[in-house]
file upload_1.cif (mmCIF, C-alpha atoms)
data_entry
loop_
_atom_site.label_atom_id
_atom_site.label_comp_id
_atom_site.auth_asym_id
_atom_site.auth_seq_id
_atom_site.Cartn_x
_atom_site.Cartn_y
_atom_site.Cartn_z
CA MET T 1 -5.12 -17.92 -76.87
CA ARG T 2 -8.51 -16.19 -77.02
CA ASP T 3 -10.45 -17.44 -74.01
CA PHE T 4 -10.68 -20.05 -71.29
CA ARG T 5 -11.88 -22.69 -73.76
CA ASP T 6 -8.47 -22.61 -75.45
CA ALA T 7 -6.83 -23.16 -72.08
CA LYS T 8 -9.15 -26.10 -71.49
CA ALA T 9 -8.13 -27.54 -74.86
CA MET T 10 -4.48 -27.20 -73.85
CA ALA T 11 -5.22 -29.01 -70.60
CA GLN T 12 -6.97 -31.82 -72.45
CA SER T 13 -4.05 -32.19 -74.87
CA LEU T 14 -1.60 -32.27 -71.96
CA ARG T 15 -3.64 -34.91 -70.19
CA GLU T 16 -3.86 -37.10 -73.31
CA SER T 17 -0.14 -36.73 -73.96
CA LEU T 18 0.74 -37.79 -70.42
CA THR T 19 -1.66 -40.74 -70.65
CA THR T 20 0.37 -42.14 -73.56
CA LYS T 21 3.35 -42.11 -71.22
CA ALA T 22 1.41 -44.01 -68.54
CA ILE T 23 1.01 -40.89 -66.40
CA ASP T 24 -2.57 -40.32 -65.25
CA ILE T 25 -3.70 -36.94 -63.95
CA SER T 26 -7.20 -35.62 -63.35
CA HIS T 27 -8.83 -32.96 -65.49
CA SER T 28 -8.57 -30.40 -62.68
CA GLU T 29 -4.88 -31.20 -62.20
CA SER T 30 -4.24 -30.60 -65.90
CA LEU T 31 -6.00 -27.23 -65.67
CA GLU T 32 -3.84 -26.23 -62.73
CA LEU T 33 -0.67 -27.29 -64.60
CA VAL T 34 -1.62 -25.23 -67.66
CA SER T 35 -2.30 -22.22 -65.43
CA ARG T 36 1.15 -22.46 -63.85
CA MET T 37 2.75 -22.91 -67.28
CA LEU T 38 1.20 -19.58 -68.24
CA GLY T 39 2.50 -17.89 -65.08
CA VAL T 40 -0.84 -17.70 -63.24
CA ALA T 41 -1.42 -18.98 -59.72
CA ASP T 42 -4.40 -21.25 -60.41
CA TRP T 43 -7.13 -22.15 -62.89
CA ASN T 44 -9.81 -19.94 -61.34
CA THR T 45 -7.59 -16.88 -61.71
CA LEU T 46 -6.64 -17.74 -65.30
CA SER T 47 -10.27 -18.36 -66.28
CA ALA T 48 -11.36 -15.04 -64.76
CA LEU T 49 -8.59 -13.08 -66.46
CA LEU T 50 -9.28 -14.62 -69.85
CA GLN T 51 -13.00 -14.06 -69.64
CA ALA T 52 -12.41 -10.43 -68.67
CA ASP T 53 -10.30 -9.92 -71.79
CA ARG T 54 -13.19 -11.06 -74.01
CA ARG T 55 -15.30 -7.96 -73.42
CA THR T 56 -16.18 -5.76 -76.39
CA PRO T 57 -14.49 -2.36 -75.95
CA GLU T 58 -16.59 -0.11 -78.22
CA THR T 59 -18.99 1.22 -75.59
CA SER T 60 -16.31 1.82 -72.99
CA ALA T 61 -14.09 3.67 -75.45
CA ALA T 62 -16.95 5.91 -76.52
CA GLN T 63 -17.93 6.65 -72.94
CA ARG T 64 -14.39 7.61 -71.98
CA GLN T 65 -14.37 10.28 -74.66
CA THR T 66 -17.21 12.13 -72.94
CA GLY T 67 -16.99 13.96 -69.63
CA THR T 68 -19.03 11.49 -67.58
CA ALA T 69 -20.67 8.13 -68.16
CA SER T 70 -23.46 6.31 -66.36
CA TYR T 71 -23.10 2.73 -65.11
CA PRO T 72 -24.99 0.32 -62.88
CA ALA T 73 -23.42 0.50 -59.42
CA ILE T 74 -22.73 -1.76 -56.46
CA PRO T 75 -22.36 -0.08 -53.06
CA ILE T 76 -19.94 -2.18 -51.00
CA ARG T 77 -19.29 -2.38 -47.28
CA ASP T 78 -16.11 -3.28 -45.38
CA LEU T 79 -14.03 -3.59 -48.56
CA VAL T 80 -11.98 -1.18 -50.64
CA PRO T 81 -11.24 -2.59 -54.11
CA PHE T 82 -7.98 -1.77 -55.90
CA PRO T 83 -7.39 -1.94 -59.67
CA THR T 84 -6.34 -5.31 -61.19
CA ALA T 85 -7.49 -7.32 -58.16
CA THR T 86 -10.35 -9.82 -58.31
CA TYR T 87 -13.01 -9.81 -55.60
CA PRO T 88 -15.97 -12.08 -54.80
CA LEU T 89 -18.94 -9.98 -53.68
CA PHE T 90 -22.07 -11.26 -51.96
CA VAL T 91 -25.15 -9.36 -53.08
CA GLY T 92 -28.49 -9.32 -51.30
CA ARG T 93 -29.98 -5.86 -51.76
CA GLU T 94 -32.71 -5.73 -54.39
CA LYS T 95 -31.40 -2.53 -55.98
CA THR T 96 -27.95 -4.08 -56.30
CA MET T 97 -29.42 -7.17 -57.96
CA GLN T 98 -31.26 -4.93 -60.42
CA ALA T 99 -28.00 -3.12 -61.14
CA LEU T 100 -26.33 -6.46 -61.87
CA ASN T 101 -29.11 -7.39 -64.29
CA GLN T 102 -28.55 -4.12 -66.15
CA ALA T 103 -24.80 -4.67 -66.22
CA PHE T 104 -25.12 -8.15 -67.74
CA GLU T 105 -27.36 -6.72 -70.44
CA ARG T 106 -24.64 -4.23 -71.37
CA GLN T 107 -20.85 -4.57 -71.22
CA ARG T 108 -20.68 -6.27 -67.79
CA GLU T 109 -19.22 -3.09 -66.34
CA VAL T 110 -20.23 -1.78 -62.93
CA VAL T 111 -19.05 0.92 -60.57
CA LEU T 112 -17.95 -0.30 -57.15
CA ALA T 113 -18.67 2.47 -54.65
CA VAL T 114 -17.38 2.18 -51.08
CA GLN T 115 -19.89 3.12 -48.38
CA ARG T 116 -18.80 5.52 -45.67
CA GLU T 117 -20.97 3.65 -43.13
CA SER T 118 -21.65 -0.05 -43.58
CA ALA T 119 -24.95 0.12 -41.67
CA VAL T 120 -26.65 2.28 -44.34
CA ASP T 121 -28.95 0.09 -46.44
CA GLU T 122 -30.14 2.75 -48.90
CA PRO T 123 -27.01 4.76 -49.68
CA GLY T 124 -27.13 7.99 -51.63
CA PHE T 125 -24.39 10.21 -53.02
CA ALA T 126 -23.44 11.50 -49.57
CA ASP T 127 -23.06 7.95 -48.26
CA VAL T 128 -20.31 6.79 -50.65
CA TYR T 129 -16.74 7.95 -51.13
CA GLU T 130 -16.00 10.05 -54.21
CA ILE T 131 -13.31 7.76 -55.63
CA GLY T 132 -14.44 4.28 -56.63
CA VAL T 133 -13.48 1.78 -59.32
CA LEU T 134 -14.96 0.62 -62.59
CA ALA T 135 -15.06 -3.18 -62.51
CA GLN T 136 -15.79 -6.04 -64.87
CA LEU T 137 -18.30 -8.75 -63.92
CA LEU T 138 -16.73 -12.16 -64.47
CA GLU T 139 -19.10 -14.70 -62.94
CA VAL T 140 -22.37 -14.75 -61.04
CA GLU T 141 -23.76 -17.58 -58.94
CA GLN T 142 -27.15 -17.87 -57.25
CA LEU T 143 -26.83 -19.07 -53.66
CA ARG T 144 -29.34 -21.20 -51.79
CA ASP T 145 -30.57 -18.28 -49.68
CA GLY T 146 -31.48 -16.24 -52.78
CA THR T 147 -28.45 -13.96 -52.64
CA LEU T 148 -25.84 -13.75 -55.39
CA LYS T 149 -22.11 -14.37 -55.35
CA VAL T 150 -20.46 -12.20 -57.99
CA LEU T 151 -16.84 -12.37 -59.07
CA THR T 152 -15.57 -8.96 -60.15
CA GLN T 153 -12.27 -7.63 -61.40
CA ALA T 154 -11.48 -4.01 -60.58
CA ARG T 155 -10.20 -2.21 -63.68
CA ARG T 156 -9.52 1.48 -63.02
CA ARG T 157 -10.25 4.38 -60.68
CA VAL T 158 -13.18 6.68 -61.38
CA ALA T 159 -14.57 9.80 -59.72
CA ILE T 160 -18.21 9.38 -58.70
CA ARG T 161 -20.18 12.50 -59.65
CA ARG T 162 -23.69 11.16 -58.92
CA PHE T 163 -25.01 8.11 -57.10
CA VAL T 164 -28.73 7.30 -56.96
CA GLY T 165 -31.07 4.39 -56.34
CA GLU T 166 -34.50 5.87 -56.93
CA ARG T 167 -35.28 3.96 -60.13
CA GLY T 168 -35.07 0.47 -58.70
CA ALA T 169 -31.35 -0.03 -59.30
CA PHE T 170 -28.24 1.70 -57.99
CA GLN T 171 -26.70 3.90 -60.68
CA ALA T 172 -23.56 6.05 -60.75
CA ASP T 173 -22.35 8.79 -63.05
CA VAL T 174 -18.56 8.77 -63.12
CA ALA T 175 -15.63 10.53 -64.72
CA ASP T 176 -12.24 9.01 -65.44
CA VAL T 177 -9.31 10.12 -63.31
CA SER T 178 -5.78 10.29 -64.63
CA GLU T 179 -2.68 9.14 -62.79
CA GLY T 180 -0.41 10.59 -65.48
CA PRO T 181 2.58 8.85 -67.07
CA ILE T 182 4.36 6.07 -65.19
CA PRO T 183 7.14 7.68 -63.12
CA GLU T 184 10.46 6.05 -62.35
CA ALA T 185 10.86 4.94 -58.73
CA PRO T 186 13.01 1.77 -58.75
CA ASP T 187 14.50 2.23 -55.26
CA LEU T 188 11.10 2.86 -53.69
CA ILE T 189 9.63 -0.18 -55.46
CA GLN T 190 12.48 -2.44 -54.30
CA ARG T 191 12.16 -1.27 -50.70
CA ALA T 192 8.37 -1.59 -50.60
CA ALA T 193 8.44 -5.04 -52.22
CA LYS T 194 10.95 -6.35 -49.68
CA ARG T 195 9.07 -4.87 -46.73
CA PHE T 196 5.79 -6.28 -48.00
CA GLU T 197 7.34 -9.74 -48.20
CA ASP T 198 8.32 -9.45 -44.53
CA TYR T 199 4.91 -7.95 -43.65
CA ALA T 200 3.06 -10.87 -45.24
CA VAL T 201 5.24 -13.51 -43.55
CA ALA T 202 4.85 -11.88 -40.12
CA ARG T 203 1.06 -11.83 -40.44
CA GLU T 204 0.70 -15.22 -42.13
CA ILE T 205 -1.02 -13.60 -45.12
CA ARG T 206 -1.53 -16.10 -47.91
CA LEU T 207 -0.60 -14.43 -51.17
CA SER T 208 -1.74 -15.36 -54.65
CA GLN T 209 1.10 -15.61 -57.14
CA ILE T 210 1.94 -12.11 -58.35
CA TRP T 211 3.17 -11.84 -61.92
CA PRO T 212 5.45 -10.18 -62.66
CA PRO T 213 6.96 -10.13 -59.14
CA LEU T 214 6.64 -6.81 -57.37
CA ASP T 215 10.37 -6.09 -57.42
CA GLN T 216 10.34 -6.50 -61.22
CA THR T 217 7.39 -4.16 -61.75
CA ARG T 218 8.29 -0.65 -62.90
CA ASP T 219 4.93 1.03 -62.17
CA PRO T 220 4.92 2.30 -58.55
CA GLY T 221 1.16 2.82 -58.66
CA ARG T 222 0.50 -0.81 -59.57
CA VAL T 223 2.89 -1.99 -56.82
CA ALA T 224 1.06 0.23 -54.33
CA ASP T 225 -2.34 -1.14 -55.37
CA ILE T 226 -1.25 -4.77 -55.10
CA ILE T 227 0.22 -4.26 -51.63
CA ALA T 228 -2.74 -2.16 -50.46
CA THR T 229 -5.09 -5.05 -51.30
CA TYR T 230 -3.48 -7.11 -48.52
CA LEU T 231 -2.78 -4.46 -45.88
CA ILE T 232 -4.64 -4.79 -42.60
CA LEU T 233 -6.04 -1.27 -42.20
CA PRO T 234 -9.28 0.51 -41.29
CA ILE T 235 -11.59 1.12 -44.27
CA GLY T 236 -10.97 4.87 -44.11
CA ASP T 237 -7.20 4.41 -44.43
CA LYS T 238 -7.59 2.03 -47.36
CA GLN T 239 -9.97 4.43 -49.06
CA GLY T 240 -7.36 7.14 -48.58
CA LEU T 241 -4.91 4.99 -50.54
CA LEU T 242 -7.44 4.45 -53.31
CA ALA T 243 -8.01 8.21 -53.49
CA THR T 244 -4.27 9.00 -53.71
CA LEU T 245 -3.86 9.42 -57.45
CA ASP T 246 -0.15 10.21 -57.62
CA PRO T 247 1.56 6.78 -58.03
CA VAL T 248 4.74 7.64 -56.13
CA ALA T 249 2.85 9.36 -53.31
CA ARG T 250 0.56 6.34 -53.04
CA LEU T 251 3.45 3.88 -52.79
CA LYS T 252 5.15 6.08 -50.19
CA ARG T 253 1.95 6.03 -48.11
CA VAL T 254 1.69 2.26 -48.49
CA ASP T 255 5.33 1.89 -47.46
CA ALA T 256 4.74 4.03 -44.36
CA MET T 257 1.61 2.10 -43.40
CA MET T 258 3.55 -1.15 -43.28
CA ASP T 259 5.40 0.38 -40.32
CA ARG T 260 2.30 0.16 -38.18
CA SER T 261 2.79 -2.47 -35.53
CA ALA T 262 0.41 -5.39 -35.81
CA LEU T 263 -1.01 -7.31 -32.91
CA SER T 264 0.06 -10.90 -32.58
CA VAL T 265 -2.48 -13.71 -32.75
CA SER T 266 -3.05 -15.81 -29.64
CA PRO T 267 -1.88 -19.44 -29.85
CA THR T 268 -5.48 -20.54 -29.35
CA LEU T 269 -6.66 -18.48 -32.32
CA GLU T 270 -3.77 -19.74 -34.46
CA ALA T 271 -4.95 -23.29 -33.76
CA THR T 272 -8.53 -22.26 -34.53
CA ARG T 273 -7.63 -20.84 -37.92
CA ARG T 274 -5.64 -23.95 -38.74
CA ARG T 275 -8.61 -26.07 -37.70
CA ALA T 276 -10.91 -24.08 -40.01
CA LEU T 277 -8.62 -24.79 -42.95
CA ASP T 278 -8.51 -28.45 -41.94
CA TYR T 279 -12.31 -28.62 -41.99
CA ALA T 280 -12.26 -27.28 -45.55
CA ASN T 281 -9.44 -29.59 -46.67
CA GLN T 282 -11.13 -32.66 -45.19
CA ARG T 283 -14.17 -31.94 -47.33
CA LYS T 284 -12.04 -31.13 -50.40
CA HIS T 285 -13.45 -27.61 -50.42
CA GLN T 286 -11.67 -25.15 -52.65
CA TYR T 287 -12.33 -22.32 -50.21
CA ALA T 288 -12.35 -21.94 -46.44
CA THR T 289 -15.48 -19.96 -45.63
CA LEU T 290 -16.82 -18.19 -42.57
CA GLU T 291 -18.82 -21.31 -41.80
CA HIS T 292 -15.62 -23.36 -41.55
CA LEU T 293 -14.24 -20.64 -39.29
CA LEU T 294 -17.34 -20.53 -37.07
CA LEU T 295 -17.28 -24.31 -36.70
CA ALA T 296 -13.66 -24.03 -35.55
CA LEU T 297 -14.57 -21.22 -33.13
CA ILE T 298 -16.97 -23.51 -31.27
CA ASP T 299 -13.90 -25.29 -29.90
CA ASP T 300 -12.04 -22.02 -29.29
CA ALA T 301 -12.22 -21.34 -25.53
CA ASP T 302 -12.42 -17.55 -25.91
CA ALA T 303 -15.14 -17.54 -28.58
CA ALA T 304 -17.07 -20.37 -26.94
CA ALA T 305 -17.27 -18.38 -23.70
CA VAL T 306 -19.02 -15.53 -25.55
CA MET T 307 -21.48 -17.85 -27.29
CA SER T 308 -22.25 -19.72 -24.07
CA ALA T 309 -22.86 -16.42 -22.24
CA CYS T 310 -25.45 -15.65 -24.92
CA SER T 311 -27.16 -18.99 -24.10
CA ALA T 312 -26.19 -20.62 -27.39
CA ASP T 313 -26.58 -24.39 -27.72
CA LEU T 314 -23.09 -25.15 -29.00
CA GLY T 315 -23.97 -28.75 -29.81
CA ALA T 316 -26.89 -27.68 -31.98
CA LEU T 317 -24.79 -24.97 -33.61
CA LYS T 318 -22.07 -27.49 -34.42
CA ALA T 319 -24.62 -29.87 -35.92
CA SER T 320 -26.15 -27.14 -38.10
CA LEU T 321 -22.78 -25.98 -39.35
CA SER T 322 -21.56 -29.50 -40.08
CA ASP T 323 -24.71 -30.26 -42.06
CA TYR T 324 -24.31 -27.03 -44.02
CA LEU T 325 -20.65 -27.73 -44.84
CA ASP T 326 -21.36 -31.32 -45.85
CA ASN T 327 -24.46 -30.68 -47.93
CA GLY T 328 -24.66 -26.98 -48.72
CA LEU T 329 -21.22 -26.39 -50.19
CA LYS T 330 -20.96 -29.22 -52.70
CA ASP T 331 -20.41 -26.64 -55.45
CA ILE T 332 -16.95 -25.79 -54.07
CA VAL T 333 -15.72 -29.39 -53.82
CA ILE T 334 -12.68 -29.79 -56.04
CA GLU T 335 -9.72 -32.08 -56.40
CA HIS T 336 -6.85 -29.78 -55.49
CA VAL T 337 -3.40 -29.82 -53.97
CA GLY T 338 -2.60 -27.81 -50.87
CA ASP T 339 -4.70 -25.83 -48.44
CA ALA T 340 -8.10 -24.40 -49.18
CA LYS T 341 -8.00 -20.67 -49.83
CA PRO T 342 -9.69 -18.36 -47.32
CA THR T 343 -12.53 -16.44 -48.94
CA ALA T 344 -12.52 -12.65 -49.04
CA ALA T 345 -15.02 -12.69 -46.16
CA PHE T 346 -12.70 -14.95 -44.13
CA GLN T 347 -9.84 -12.51 -44.70
CA ARG T 348 -12.02 -9.48 -43.91
CA VAL T 349 -13.01 -11.06 -40.61
CA ALA T 350 -9.36 -11.70 -39.75
CA GLN T 351 -8.48 -8.07 -40.48
CA ARG T 352 -11.53 -6.75 -38.66
CA ALA T 353 -10.70 -8.91 -35.65
CA GLU T 354 -7.28 -7.29 -35.39
CA LEU T 355 -8.83 -3.82 -35.58
CA HIS T 356 -11.35 -4.79 -32.89
CA ALA T 357 -8.56 -5.95 -30.57
CA GLN T 358 -6.68 -2.69 -31.18
CA GLU T 359 -9.78 -0.63 -30.39
CA LEU T 360 -10.18 -2.50 -27.10
CA GLY T 361 -6.52 -2.06 -26.23
CA ARG T 362 -5.93 -5.81 -26.12
CA PRO T 363 -2.37 -7.14 -26.54
CA VAL T 364 -3.32 -10.05 -28.83
CA VAL T 365 -6.10 -11.03 -31.24
CA THR T 366 -8.30 -13.84 -29.91
CA GLY T 367 -11.29 -15.91 -30.90
CA THR T 368 -13.47 -13.35 -29.11
CA ASN T 369 -12.43 -10.63 -31.57
CA THR T 370 -12.88 -13.01 -34.49
CA LEU T 371 -16.40 -14.01 -33.43
CA PHE T 372 -17.35 -10.34 -33.01
CA ALA T 373 -16.01 -9.57 -36.49
CA ILE T 374 -18.31 -12.16 -38.10
CA PHE T 375 -21.43 -10.14 -37.23
CA ARG T 376 -20.50 -7.51 -39.84
CA GLU T 377 -20.94 -10.17 -42.54
CA THR T 378 -24.69 -9.83 -42.16
CA LEU T 379 -25.63 -11.85 -45.26
CA SER T 380 -23.39 -14.80 -44.48
CA PRO T 381 -24.84 -18.14 -43.34
CA ALA T 382 -22.42 -17.95 -40.39
CA ALA T 383 -24.08 -14.79 -39.06
CA LYS T 384 -27.51 -16.35 -39.59
CA PHE T 385 -26.56 -19.50 -37.69
CA LEU T 386 -25.41 -17.33 -34.79
CA GLY T 387 -28.66 -15.40 -34.88
CA GLU T 388 -30.67 -18.62 -34.71
CA GLN T 389 -28.88 -19.36 -31.43
CA GLY T 390 -29.62 -15.91 -30.04
CA VAL T 391 -26.01 -14.75 -30.40
CA SER T 392 -26.19 -11.13 -31.59
CA ARG T 393 -23.62 -8.40 -32.02
CA GLU T 394 -25.16 -6.43 -29.14
CA ARG T 395 -25.16 -9.34 -26.69
CA ALA T 396 -21.61 -10.28 -27.63
CA ALA T 397 -20.49 -6.66 -27.18
CA ASP T 398 -22.04 -6.57 -23.70
CA PHE T 399 -20.24 -9.73 -22.68
CA ILE T 400 -16.93 -8.51 -24.03
CA ALA T 401 -17.27 -5.14 -22.30
CA HIS T 402 -19.03 -6.09 -19.05
CA GLY T 403 -18.92 -9.86 -18.72
CA THR T 404 -22.65 -10.31 -19.42
CA GLY T 405 -24.47 -11.60 -22.46
CA LYS T 406 -27.88 -10.15 -21.66
CA GLY T 407 -27.78 -7.50 -24.34
CA ARG T 408 -29.49 -4.13 -24.39
#
call {"tool": "encode", "arguments": {"input": "upload_1.cif", "output": "structure tokens"}}
result
Amino acid sequence: MRDFRDAKAMAQSLRESLTTKAIDISHSESLELVSRMLGVADWNTLSALLQADRRTPETSAAQRQTGTASYPAIPIRDLVPFPTATYPLFVGREKTMQALNQAFERQREVVLAVQRESAVDEPGFADVYEIGVLAQLLEVEQLRDGTLKVLTQARRRVAIRRFVGERGAFQADVADVSEGPIPEAPDLIQRAAKRFEDYAVAREIRLSQIWPPLDQTRDPGRVADIIATYLILPIGDKQGLLATLDPVARLKRVDAMMDRSALSVSPTLEATRRRALDYANQRKHQYATLEHLLLALIDDADAAAVMSACSADLGALKASLSDYLDNGLKDIVIEHVGDAKPTAAFQRVAQRAELHAQELGRPVVTGTNTLFAIFRETLSPAAKFLGEQGVSRERAADFIAHGTGKGR
């Protein structure tokens, strides 16, 4: 099978075959069945993987033979990408958009560089970590607000030797880094895989299907990268894992980090998260977004108290969000079975909320922490809706710290 069109042909053949047996399934259901037959979690993942495999390798191979190579670059905030994982990125900076244009004109390869400080809008070499990843662009979608949603697949680690943005587009010069031959570490892999299973269950982390299963994977570095993608950790700690090149050392660090005690989620917040997924499922949305989450937070007593203290009109906010979900997200309506999948931003907010609660010394994660975490997603419609109601990060912080929403 060469690309996603072959998979679509298989789905069509399956559907026609079942029709002759008086079994009717939708086109999307046939795509999902073909994906599972091929050992992949869903159609979106299969399509992305197949499209990534279509790239022409000549340029990349030639570049790897030299000391360094230059690529368009995307500086990213609040996310550390790990090889083999697929990430949706939301792009709004003009220099990043220009970098994407250059990448699509070439081999669709970009460098993902993690910013040391998310507040920096014009990062230079000193503002990004040295180890990043070379990624493949899979899909790009123009959003209503003029920003871009880009689906990327991280391919391999690179060392960033130069990072500039003076010529209208972010650019990075990088060198390949070697992790050496795959070492044997079966006992470590088995232990880490089992502990990660328990870690995910305890934190209600929704996992995509991993193939082959972690306990059947012989590369400790790959196991470490897959687990690290899901760990709830500060950005600096995750970047430290990305920068650990020795595969066994990296998996040992990952294994140790799963020992860190996690805060429990308040019953109210558990209900809020469930309500957000329900809002997405009711609308047949493939993804649960921050806007679904914010709509659910309006009825969360802890989060609502913060918004009310900032003089937000909760009725107007609910109306705006409902209209956006009903009319602005028609492109993610899909006939699917099971719960909508939280977007990467949704998951980042959940992780950031736990870190916020830890920083404040709180015993549980609440809607207050979750609302505060949304402000870091500055380009999201959710953050913009809050801003329209006068709910800012500064005013929320004042209320959380001092019981006032006046702001500074």
call {"tool": "residues_around", "arguments": {"input": "upload_1.cif", "residues": "Thr217 (chain T)", "least_positions_apart": "3", "cutoff": "12 Å", "atoms": "only C-alpha atoms", "output": "MDAnalysis selection string"}}
result
chainID T and resid 182:190 192:193 210:214 220:224 226
call {"tool": "write_last_selection", "arguments": {"input": "upload_1.cif", "atoms": "C-alpha atoms", "output": "PDB file, in the coordinates of the input"}}
result
ATOM      1  CA  ILE T 182       4.360   6.070 -65.190  1.00  0.00           C
ATOM      2  CA  PRO T 183       7.140   7.680 -63.120  1.00  0.00           C
ATOM      3  CA  GLU T 184      10.460   6.050 -62.350  1.00  0.00           C
ATOM      4  CA  ALA T 185      10.860   4.940 -58.730  1.00  0.00           C
ATOM      5  CA  PRO T 186      13.010   1.770 -58.750  1.00  0.00           C
ATOM      6  CA  ASP T 187      14.500   2.230 -55.260  1.00  0.00           C
ATOM      7  CA  LEU T 188      11.100   2.860 -53.690  1.00  0.00           C
ATOM      8  CA  ILE T 189       9.630  -0.180 -55.460  1.00  0.00           C
ATOM      9  CA  GLN T 190      12.480  -2.440 -54.300  1.00  0.00           C
ATOM     10  CA  ALA T 192       8.370  -1.590 -50.600  1.00  0.00           C
ATOM     11  CA  ALA T 193       8.440  -5.040 -52.220  1.00  0.00           C
ATOM     12  CA  ILE T 210       1.940 -12.110 -58.350  1.00  0.00           C
ATOM     13  CA  TRP T 211       3.170 -11.840 -61.920  1.00  0.00           C
ATOM     14  CA  PRO T 212       5.450 -10.180 -62.660  1.00  0.00           C
ATOM     15  CA  PRO T 213       6.960 -10.130 -59.140  1.00  0.00           C
ATOM     16  CA  LEU T 214       6.640  -6.810 -57.370  1.00  0.00           C
ATOM     17  CA  PRO T 220       4.920   2.300 -58.550  1.00  0.00           C
ATOM     18  CA  GLY T 221       1.160   2.820 -58.660  1.00  0.00           C
ATOM     19  CA  ARG T 222       0.500  -0.810 -59.570  1.00  0.00           C
ATOM     20  CA  VAL T 223       2.890  -1.990 -56.820  1.00  0.00           C
ATOM     21  CA  ALA T 224       1.060   0.230 -54.330  1.00  0.00           C
ATOM     22  CA  ILE T 226      -1.250  -4.770 -55.100  1.00  0.00           C
TER      23      ILE T 226
END
call {"tool": "residues_around", "arguments": {"input": "upload_1.cif", "residues": "Leu242 (chain T)", "least_positions_apart": "4", "cutoff": "8 Å", "atoms": "only C-alpha atoms", "output": "list in words"}}
result
Val80, Phe82, Ile131, Gly132, Arg157, Asp225 and Lys238 of chain T
call {"tool": "residues_near_point", "arguments": {"input": "upload_1.cif", "point": "(-4.9, -24.2, -36.0)", "cutoff": "12 Å", "atoms": "all atoms listed in the file", "output": "MDAnalysis selection string"}}
result
chainID T and resid 265:279 293 296:297 299:300 367
call {"tool": "resolve_selection", "arguments": {"input": "upload_1.cif", "expression": "the PyMOL selection byres ((chain T and resi 230-237) around 7)", "output": "list in words"}}
result
Asp78, Leu79, Val80, Ile227, Ala228, Thr229, Lys238, Gln239, Gly240, Leu241 and Gln351 of chain T
call {"tool": "resolve_selection", "arguments": {"input": "upload_1.cif", "expression": "the PyMOL selection byres ((chain T and resi 280-288) around 12)", "output": "JSON, numbers by chain"}}
result
{"T": [28, 42, 43, 44, 88, 273, 274, 275, 276, 277, 278, 279, 289, 290, 291, 292, 293, 294, 295, 296, 322, 323, 324, 325, 326, 327, 328, 329, 330, 331, 332, 333, 334, 335, 336, 337, 338, 339, 340, 341, 342, 343, 344, 345, 346, 347]}
call {"tool": "resolve_selection", "arguments": {"input": "upload_1.cif", "expression": "the PyMOL selection byres ((chain T and resi 167-176) around 10)", "output": "PyMOL selection string"}}
result
chain T and resi 63-75+93-102+110-113+122-125+130-134+156-166+177-179
call {"tool": "residues_around", "arguments": {"input": "upload_1.cif", "residues": "Asp255 (chain T)", "least_positions_apart": "3", "cutoff": "8 Å", "atoms": "only C-alpha atoms", "output": "PyMOL selection string"}}
result
chain T and resi 192+195+251-252+258-259
call {"tool": "atom_distance", "arguments": {"input": "upload_1.cif", "atom1": "CA of Thr370 (chain T)", "atom2": "CA of Ile76 (chain T)"}}
result
21.0 Å
call {"tool": "atom_distance", "arguments": {"input": "upload_1.cif", "atom1": "CA of Arg108 (chain T)", "atom2": "CA of Arg155 (chain T)"}}
result
12.0 Å
call {"tool": "atom_distance", "arguments": {"input": "upload_1.cif", "atom1": "CA of Thr86 (chain T)", "atom2": "CA of Ala154 (chain T)"}}
result
6.3 Å
call {"tool": "closest_residue", "arguments": {"input": "upload_1.cif", "among": "T:Asp313, T:Leu31, T:Gln389, T:Met307", "to": "Leu371 (chain T)", "atoms": "all atoms listed in the file"}}
result
T:Met307
call {"tool": "closest_residue", "arguments": {"input": "upload_1.cif", "among": "T:Leu263, T:Val201, T:Ala135, T:Leu89", "to": "Val364 (chain T)", "atoms": "only C-alpha atoms"}}
result
T:Leu263
call {"tool": "residues_near_point", "arguments": {"input": "upload_1.cif", "point": "(-14.7, -9.1, -64.5)", "cutoff": "6 Å", "atoms": "all atoms listed in the file", "output": "list in words"}}
result
Ala52, Gln136, Leu137, Leu138, Thr152 and Gln153 of chain T
call {"tool": "closest_residue", "arguments": {"input": "upload_1.cif", "among": "T:Glu109, T:Leu207, T:Ala316, T:Gly92", "to": "Asp121 (chain T)", "atoms": "only C-alpha atoms"}}
result
T:Gly92
call {"tool": "closest_residue", "arguments": {"input": "upload_1.cif", "among": "T:Leu386, T:Met257, T:Ala119, T:Asp246", "to": "Ala304 (chain T)", "atoms": "all atoms listed in the file"}}
result
T:Leu386
call {"tool": "closest_residue", "arguments": {"input": "upload_1.cif", "among": "T:Asp398, T:Glu139, T:Glu197, T:Asp302", "to": "Leu151 (chain T)", "atoms": "all atoms listed in the file"}}
result
T:Glu139
call {"tool": "residues_around", "arguments": {"input": "upload_1.cif", "residues": "Ser380 (chain T)", "least_positions_apart": "3", "cutoff": "10 Å", "atoms": "all atoms listed in the file", "output": "compact mmCIF listing (two decimals) with C-alpha atoms, keeping the file's coordinate frame"}}
result
# COMPACT_ATOMS: atom_id res chain seq x y z
CA PHE T 90 -22.07 -11.26 -51.96
CA ASP T 145 -30.57 -18.28 -49.68
CA THR T 147 -28.45 -13.96 -52.64
CA THR T 289 -15.48 -19.96 -45.63
CA LEU T 290 -16.82 -18.19 -42.57
CA GLU T 291 -18.82 -21.31 -41.80
CA ALA T 345 -15.02 -12.69 -46.16
CA ILE T 374 -18.31 -12.16 -38.10
CA PHE T 375 -21.43 -10.14 -37.23
CA ARG T 376 -20.50 -7.51 -39.84
CA GLU T 377 -20.94 -10.17 -42.54
CA ALA T 383 -24.08 -14.79 -39.06
CA LYS T 384 -27.51 -16.35 -39.59
CA PHE T 385 -26.56 -19.50 -37.69
